[in-house]
Amino acid sequence: MKKYAFGVDIGGTTCKIGFFETTGKMIDKWEIKTNTENNGESILSDVAKAVDNKLAQEAISKDDVQGIGIGVPGPVDSLGIVHRCVNLGWGVVNVAEELESLTGLKVKVGNDANVAALGEMWQGGAKGCKDVIMVTLGTGVGGGIIVDGKIVAGAHGAGGEVGHACVEPEEEAVCNCGNHGCLEQMTSATGIVRLAKKYLASHDTPSSLRERGESISAKAVFDALKEGDAAAEAIVQEFSEYLGRALAVFACVVDPEVIVVGGGVSKAGQILIDGVAKYYREAAFIACKDTPIVLASLGNDAGIYGAAKMLID
């Protein structure tokens, strides 16, 4: 008898929903709008409607569904209570309890980056591994840590928040979290742009990036690097050193089988991995030096895969 599970990844703009067999086979995926009006009060009821509609469409009974896994952009405690999701307008919300009462299905909730790491472990770049560090480089820097196949959420739901490790204590600019010198400030898409503007302002190195003025992007920096641009090479070297050395510290704590790099910035590809791996190996503890650093392979689907996997364990 086939069993099924839903995986939901709630973002600030859209909720991605996946419908899976518990074997890991995806049957369907789709998106609905994330309605953040009135502090996001209708988000969970919209998800519940989408789940009910899919089951009606497929003529599948709720008795054959193990439940709904859900990833949210904020800290989540062991009871499935979310503590402040700024992008959704949520304060303290008991997501598990509310969605269970709306659907009659079992619900498990996790931080979105942790859940994405679980997805990559299950069906992606870390398939076959049980001890994994994942870092996602996007507008911010997220992270997920998996030990013995389980998400490390921590006492406050902040396990795996690698983006807010301090890597530059001399940094004067303030991070979104209120601290200074966070990894996110140096290695996110916006962080790379900051590094680029700083470098171009303080060096005379000829560069195609100068023609872009204020419109420099992380993608433009990596594209310029691939064309042999010397300034881009220096900027990416600085980025790589921050990230590689930070990953070496995290590896001392977790001793992962593999480190997975995802998020929009990772689309730069192997050239990014090679630069980061160089600095990682220089700084890593001897037992961890050969830990492979690989690209995530599930892309935007990592969250829905990981959310479903939370139910199937």
# chains A, B, ... in the order shown; residues from 1 in each chain; ligands from 1

call {"tool": "closest_atom_pairs", "arguments": {"of": "stretch 242-301 of chain A", "to": "stretch 170-182 of chain A", "cutoff": "12 Å", "atoms": "only C-alpha atoms", "output": "tab-separated table"}}
result
residue	atom	partner	partner_atom	distance
A:Tyr242	CA	A:Cys182	CA	10.0
A:Leu243	CA	A:Cys182	CA	10.9
A:Ala246	CA	A:Cys182	CA	10.4

call {"tool": "select_by_dssp", "arguments": {"residues": "stretch 63-312 of chain A", "states": "strand (DSSP E)", "output": "ChimeraX atom specification"}}
result
/A:65-72,81-85,90-94,107-111,132-137,141-147,150-151,258-262,293-295

call {"tool": "closest_atom_pairs", "arguments": {"of": "stretch 89-181 of chain A", "to": "stretch 32-54 of chain A", "cutoff": "9 Å", "atoms": "only C-alpha atoms", "output": "tab-separated table"}}
result
residue	atom	partner	partner_atom	distance
A:Gly89	CA	A:Asn39	CA	4.2
A:Trp90	CA	A:Asn39	CA	5.7
A:Gly91	CA	A:Asn39	CA	8.3
A:Val95	CA	A:Leu44	CA	7.7
A:Glu98	CA	A:Leu44	CA	7.5
A:Leu99	CA	A:Leu44	CA	6.2
A:Leu102	CA	A:Ala48	CA	6.2
A:Thr103	CA	A:Ala48	CA	5.8

call {"tool": "select_by_dssp", "arguments": {"residues": "stretch 42-167 of chain A", "states": "helix (DSSP H, G or I)", "output": "compact mmCIF listing (two decimals) with N, CA, C and O atoms, in the first residue's frame"}}
result
# COMPACT_ATOMS: atom_id res chain seq x y z
N ILE A 43 -1.83 32.33 5.91
CA ILE A 43 -0.83 31.48 5.25
C ILE A 43 -1.13 30.00 5.48
O ILE A 43 -1.17 29.20 4.54
N LEU A 44 -1.36 29.61 6.74
CA LEU A 44 -1.55 28.19 7.04
C LEU A 44 -2.88 27.67 6.50
O LEU A 44 -2.96 26.52 6.04
N SER A 45 -3.93 28.50 6.52
CA SER A 45 -5.20 28.04 5.97
C SER A 45 -5.09 27.89 4.45
O SER A 45 -5.71 26.99 3.86
N ASP A 46 -4.28 28.73 3.79
CA ASP A 46 -4.06 28.59 2.35
C ASP A 46 -3.33 27.27 2.04
O ASP A 46 -3.65 26.58 1.07
N VAL A 47 -2.35 26.93 2.88
CA VAL A 47 -1.63 25.66 2.71
C VAL A 47 -2.60 24.49 2.91
O VAL A 47 -2.60 23.53 2.14
N ALA A 48 -3.43 24.58 3.95
CA ALA A 48 -4.40 23.50 4.23
C ALA A 48 -5.33 23.28 3.04
O ALA A 48 -5.62 22.13 2.66
N LYS A 49 -5.81 24.38 2.45
CA LYS A 49 -6.70 24.26 1.28
C LYS A 49 -5.98 23.58 0.12
O LYS A 49 -6.55 22.73 -0.57
N ALA A 50 -4.70 23.96 -0.09
CA ALA A 50 -3.93 23.38 -1.19
C ALA A 50 -3.75 21.87 -1.00
O ALA A 50 -3.83 21.09 -1.95
N VAL A 51 -3.50 21.46 0.25
CA VAL A 51 -3.35 20.04 0.57
C VAL A 51 -4.66 19.29 0.33
O VAL A 51 -4.69 18.24 -0.32
N ASP A 52 -5.75 19.84 0.84
CA ASP A 52 -7.06 19.19 0.66
C ASP A 52 -7.44 19.07 -0.82
O ASP A 52 -7.97 18.04 -1.26
N ASN A 53 -7.15 20.12 -1.57
CA ASN A 53 -7.46 20.10 -3.01
C ASN A 53 -6.68 19.02 -3.74
O ASN A 53 -7.21 18.32 -4.61
N LYS A 54 -5.40 18.88 -3.38
CA LYS A 54 -4.55 17.87 -4.04
C LYS A 54 -5.05 16.46 -3.73
O LYS A 54 -5.13 15.60 -4.61
N LEU A 55 -5.43 16.20 -2.47
CA LEU A 55 -5.91 14.88 -2.10
C LEU A 55 -7.24 14.56 -2.80
O LEU A 55 -7.47 13.42 -3.23
N ALA A 56 -8.08 15.58 -2.94
CA ALA A 56 -9.35 15.38 -3.66
C ALA A 56 -9.08 15.08 -5.13
O ALA A 56 -9.68 14.17 -5.73
N GLN A 57 -8.16 15.82 -5.70
CA GLN A 57 -7.80 15.66 -7.11
C GLN A 57 -7.24 14.27 -7.39
O GLN A 57 -7.54 13.64 -8.41
N GLU A 58 -6.39 13.76 -6.47
CA GLU A 58 -5.75 12.46 -6.65
C GLU A 58 -6.62 11.32 -6.10
O GLU A 58 -6.24 10.15 -6.21
N LYS A 62 -6.90 10.63 3.51
CA LYS A 62 -5.94 11.15 4.50
C LYS A 62 -5.33 10.01 5.33
O LYS A 62 -4.25 10.16 5.89
N ASP A 63 -6.00 8.87 5.37
CA ASP A 63 -5.46 7.71 6.10
C ASP A 63 -4.16 7.22 5.48
O ASP A 63 -3.37 6.54 6.14
N ASP A 64 -3.97 7.52 4.19
CA ASP A 64 -2.76 7.07 3.48
C ASP A 64 -1.67 8.12 3.46
O ASP A 64 -0.65 7.97 2.78
N VAL A 86 10.11 37.31 10.40
CA VAL A 86 9.94 38.70 9.95
C VAL A 86 9.33 38.75 8.56
O VAL A 86 8.43 39.55 8.28
N ASN A 87 9.83 37.88 7.64
CA ASN A 87 9.38 37.91 6.24
C ASN A 87 7.90 37.54 6.08
O ASN A 87 7.29 37.84 5.07
N LEU A 88 7.36 36.85 7.08
CA LEU A 88 5.96 36.41 6.99
C LEU A 88 5.02 37.28 7.83
O LEU A 88 3.81 37.17 7.72
N VAL A 95 2.85 26.57 14.65
CA VAL A 95 2.53 26.13 13.29
C VAL A 95 2.02 24.69 13.30
O VAL A 95 1.04 24.36 12.62
N ALA A 96 2.69 23.81 14.07
CA ALA A 96 2.29 22.40 14.09
C ALA A 96 0.85 22.25 14.55
O ALA A 96 0.03 21.59 13.90
N GLU A 97 0.52 22.89 15.66
CA GLU A 97 -0.83 22.75 16.23
C GLU A 97 -1.89 23.32 15.28
O GLU A 97 -2.93 22.70 15.05
N GLU A 98 -1.61 24.52 14.74
CA GLU A 98 -2.60 25.17 13.87
C GLU A 98 -2.86 24.38 12.59
O GLU A 98 -4.00 24.18 12.19
N LEU A 99 -1.78 23.91 11.95
CA LEU A 99 -1.96 23.20 10.69
C LEU A 99 -2.55 21.81 10.92
O LEU A 99 -3.33 21.32 10.09
N GLU A 100 -2.23 21.19 12.03
CA GLU A 100 -2.86 19.90 12.37
C GLU A 100 -4.37 20.06 12.54
O GLU A 100 -5.15 19.23 12.06
N SER A 101 -4.78 21.14 13.21
CA SER A 101 -6.23 21.33 13.43
C SER A 101 -6.94 21.69 12.12
O SER A 101 -8.10 21.34 11.93
N LEU A 102 -6.23 22.32 11.19
CA LEU A 102 -6.84 22.69 9.90
C LEU A 102 -6.95 21.49 8.95
O LEU A 102 -7.85 21.45 8.11
N THR A 103 -6.03 20.53 9.07
CA THR A 103 -5.98 19.44 8.08
C THR A 103 -6.31 18.06 8.66
O THR A 103 -6.65 17.15 7.91
N ASP A 112 13.79 26.64 7.59
CA ASP A 112 13.88 26.33 6.16
C ASP A 112 15.27 25.88 5.71
O ASP A 112 15.40 24.97 4.89
N ALA A 113 16.33 26.50 6.26
CA ALA A 113 17.68 26.12 5.84
C ALA A 113 18.04 24.72 6.36
O ALA A 113 18.65 23.92 5.64
N ASN A 114 17.63 24.41 7.60
CA ASN A 114 17.86 23.07 8.13
C ASN A 114 17.12 22.03 7.30
O ASN A 114 17.63 20.94 7.02
N VAL A 115 15.90 22.37 6.93
CA VAL A 115 15.07 21.45 6.15
C VAL A 115 15.68 21.23 4.76
O VAL A 115 15.70 20.10 4.25
N ALA A 116 16.20 22.28 4.16
CA ALA A 116 16.87 22.15 2.85
C ALA A 116 18.07 21.22 2.95
O ALA A 116 18.33 20.40 2.06
N ALA A 117 18.81 21.32 4.06
CA ALA A 117 19.96 20.42 4.27
C ALA A 117 19.50 18.97 4.34
O ALA A 117 20.14 18.07 3.78
N LEU A 118 18.37 18.75 5.01
CA LEU A 118 17.81 17.40 5.11
C LEU A 118 17.42 16.87 3.72
O LEU A 118 17.64 15.70 3.40
N GLY A 119 16.87 17.76 2.90
CA GLY A 119 16.51 17.39 1.54
C GLY A 119 17.73 16.98 0.72
O GLY A 119 17.70 15.96 0.00
N GLU A 120 18.81 17.75 0.82
CA GLU A 120 20.04 17.42 0.09
C GLU A 120 20.64 16.10 0.59
O GLU A 120 21.22 15.34 -0.17
N MET A 121 20.49 15.82 1.89
CA MET A 121 20.98 14.56 2.43
C MET A 121 20.16 13.38 1.89
O MET A 121 20.70 12.32 1.59
N TRP A 122 18.85 13.60 1.76
CA TRP A 122 17.94 12.52 1.37
C TRP A 122 18.05 12.18 -0.11
O TRP A 122 18.23 11.02 -0.49
N GLN A 123 17.95 13.22 -0.96
CA GLN A 123 17.87 12.97 -2.40
C GLN A 123 18.78 13.88 -3.23
O GLN A 123 18.62 13.95 -4.45
N VAL A 162 24.77 29.38 10.57
CA VAL A 162 26.18 29.64 10.29
C VAL A 162 26.40 31.06 9.75
O VAL A 162 27.49 31.62 9.89
N GLY A 163 25.39 31.64 9.14
CA GLY A 163 25.53 32.98 8.56
C GLY A 163 25.80 34.05 9.58
O GLY A 163 26.24 35.15 9.23
N HIS A 164 25.56 33.74 10.85
CA HIS A 164 25.75 34.76 11.88
C HIS A 164 26.91 34.44 12.82
O HIS A 164 27.01 34.96 13.93

call {"tool": "atom_distance", "arguments": {"atom1": "atom CA of A:Ala307", "atom2": "atom CA of A:Lys16"}}
result
10.6 Å

call {"tool": "closest_residue", "arguments": {"among": "A:Glu168, A:Glu184, A:Glu233, A:Asp255", "to": "A:Val147", "atoms": "only C-alpha atoms"}}
result
A:Asp255

call {"tool": "residues_around", "arguments": {"residues": "stretch 18-23 of chain A", "least_positions_apart": "4", "cutoff": "6 Å", "atoms": "only C-alpha atoms", "output": "JSON list (two decimals) with N, CA, C and O atoms, in the first residue's frame"}}
result
[["chain", "number", "residue", "atom", "x", "y", "z"],
["A", 3, "LYS", "N", 2.16, 4.96, 0.61],
["A", 3, "LYS", "CA", 1.96, 6.02, 1.60],
["A", 3, "LYS", "C", 2.50, 7.32, 1.01],
["A", 3, "LYS", "O", 3.42, 7.32, 0.18],
["A", 4, "TYR", "N", 1.95, 8.43, 1.50],
["A", 4, "TYR", "CA", 2.27, 9.72, 0.91],
["A", 4, "TYR", "C", 2.64, 10.74, 2.00],
["A", 4, "TYR", "O", 2.35, 10.55, 3.18],
["A", 5, "ALA", "N", 3.30, 11.82, 1.56],
["A", 5, "ALA", "CA", 3.61, 12.93, 2.47],
["A", 5, "ALA", "C", 3.67, 14.22, 1.66],
["A", 5, "ALA", "O", 4.01, 14.21, 0.47],
["A", 6, "PHE", "N", 3.36, 15.31, 2.32],
["A", 6, "PHE", "CA", 3.51, 16.63, 1.72],
["A", 6, "PHE", "C", 4.74, 17.32, 2.30],
["A", 6, "PHE", "O", 5.02, 17.21, 3.51],
["A", 7, "GLY", "N", 5.46, 18.03, 1.44],
["A", 7, "GLY", "CA", 6.55, 18.89, 1.89],
["A", 7, "GLY", "C", 6.24, 20.31, 1.49],
["A", 7, "GLY", "O", 5.92, 20.59, 0.32],
["A", 27, "ILE", "N", 5.56, 13.20, -6.75],
["A", 27, "ILE", "CA", 4.42, 13.02, -7.65],
["A", 27, "ILE", "C", 4.08, 14.33, -8.34],
["A", 27, "ILE", "O", 3.77, 14.37, -9.52],
["A", 28, "ASP", "N", 4.14, 15.42, -7.57],
["A", 28, "ASP", "CA", 3.78, 16.72, -8.14],
["A", 28, "ASP", "C", 4.37, 17.82, -7.26],
["A", 28, "ASP", "O", 4.68, 17.59, -6.08],
["A", 29, "LYS", "N", 4.56, 18.98, -7.84],
["A", 29, "LYS", "CA", 4.97, 20.16, -7.07],
["A", 29, "LYS", "C", 4.31, 21.38, -7.68],
["A", 29, "LYS", "O", 4.05, 21.43, -8.88],
["A", 304, "ILE", "N", 11.30, 21.39, -0.11],
["A", 304, "ILE", "CA", 10.11, 20.53, -0.10],
["A", 304, "ILE", "C", 10.51, 19.07, 0.11],
["A", 304, "ILE", "O", 9.82, 18.31, 0.78]]

call {"tool": "residues_around", "arguments": {"residues": "A:Glu214", "least_positions_apart": "5", "cutoff": "10 Å", "atoms": "only C-alpha atoms", "output": "MDAnalysis selection string"}}
result
chainID A and resid 193 197 209

call {"tool": "write_last_selection", "arguments": {"atoms": "N, CA and C atoms", "output": "PDB file, in the first residue's frame"}}
result
ATOM      1  N   VAL A 193      28.848  41.807  -3.252  1.00  0.00           N
ATOM      2  CA  VAL A 193      28.773  43.152  -3.861  1.00  0.00           C
ATOM      3  C   VAL A 193      29.486  44.172  -2.970  1.00  0.00           C
ATOM      4  N   LYS A 197      32.655  46.436  -4.186  1.00  0.00           N
ATOM      5  CA  LYS A 197      32.680  47.908  -4.177  1.00  0.00           C
ATOM      6  C   LYS A 197      33.841  48.440  -3.340  1.00  0.00           C
ATOM      7  N   LEU A 209      34.230  45.291 -14.220  1.00  0.00           N
ATOM      8  CA  LEU A 209      33.206  45.559 -13.204  1.00  0.00           C
ATOM      9  C   LEU A 209      32.992  47.061 -12.998  1.00  0.00           C
TER      10      LEU A 209
END
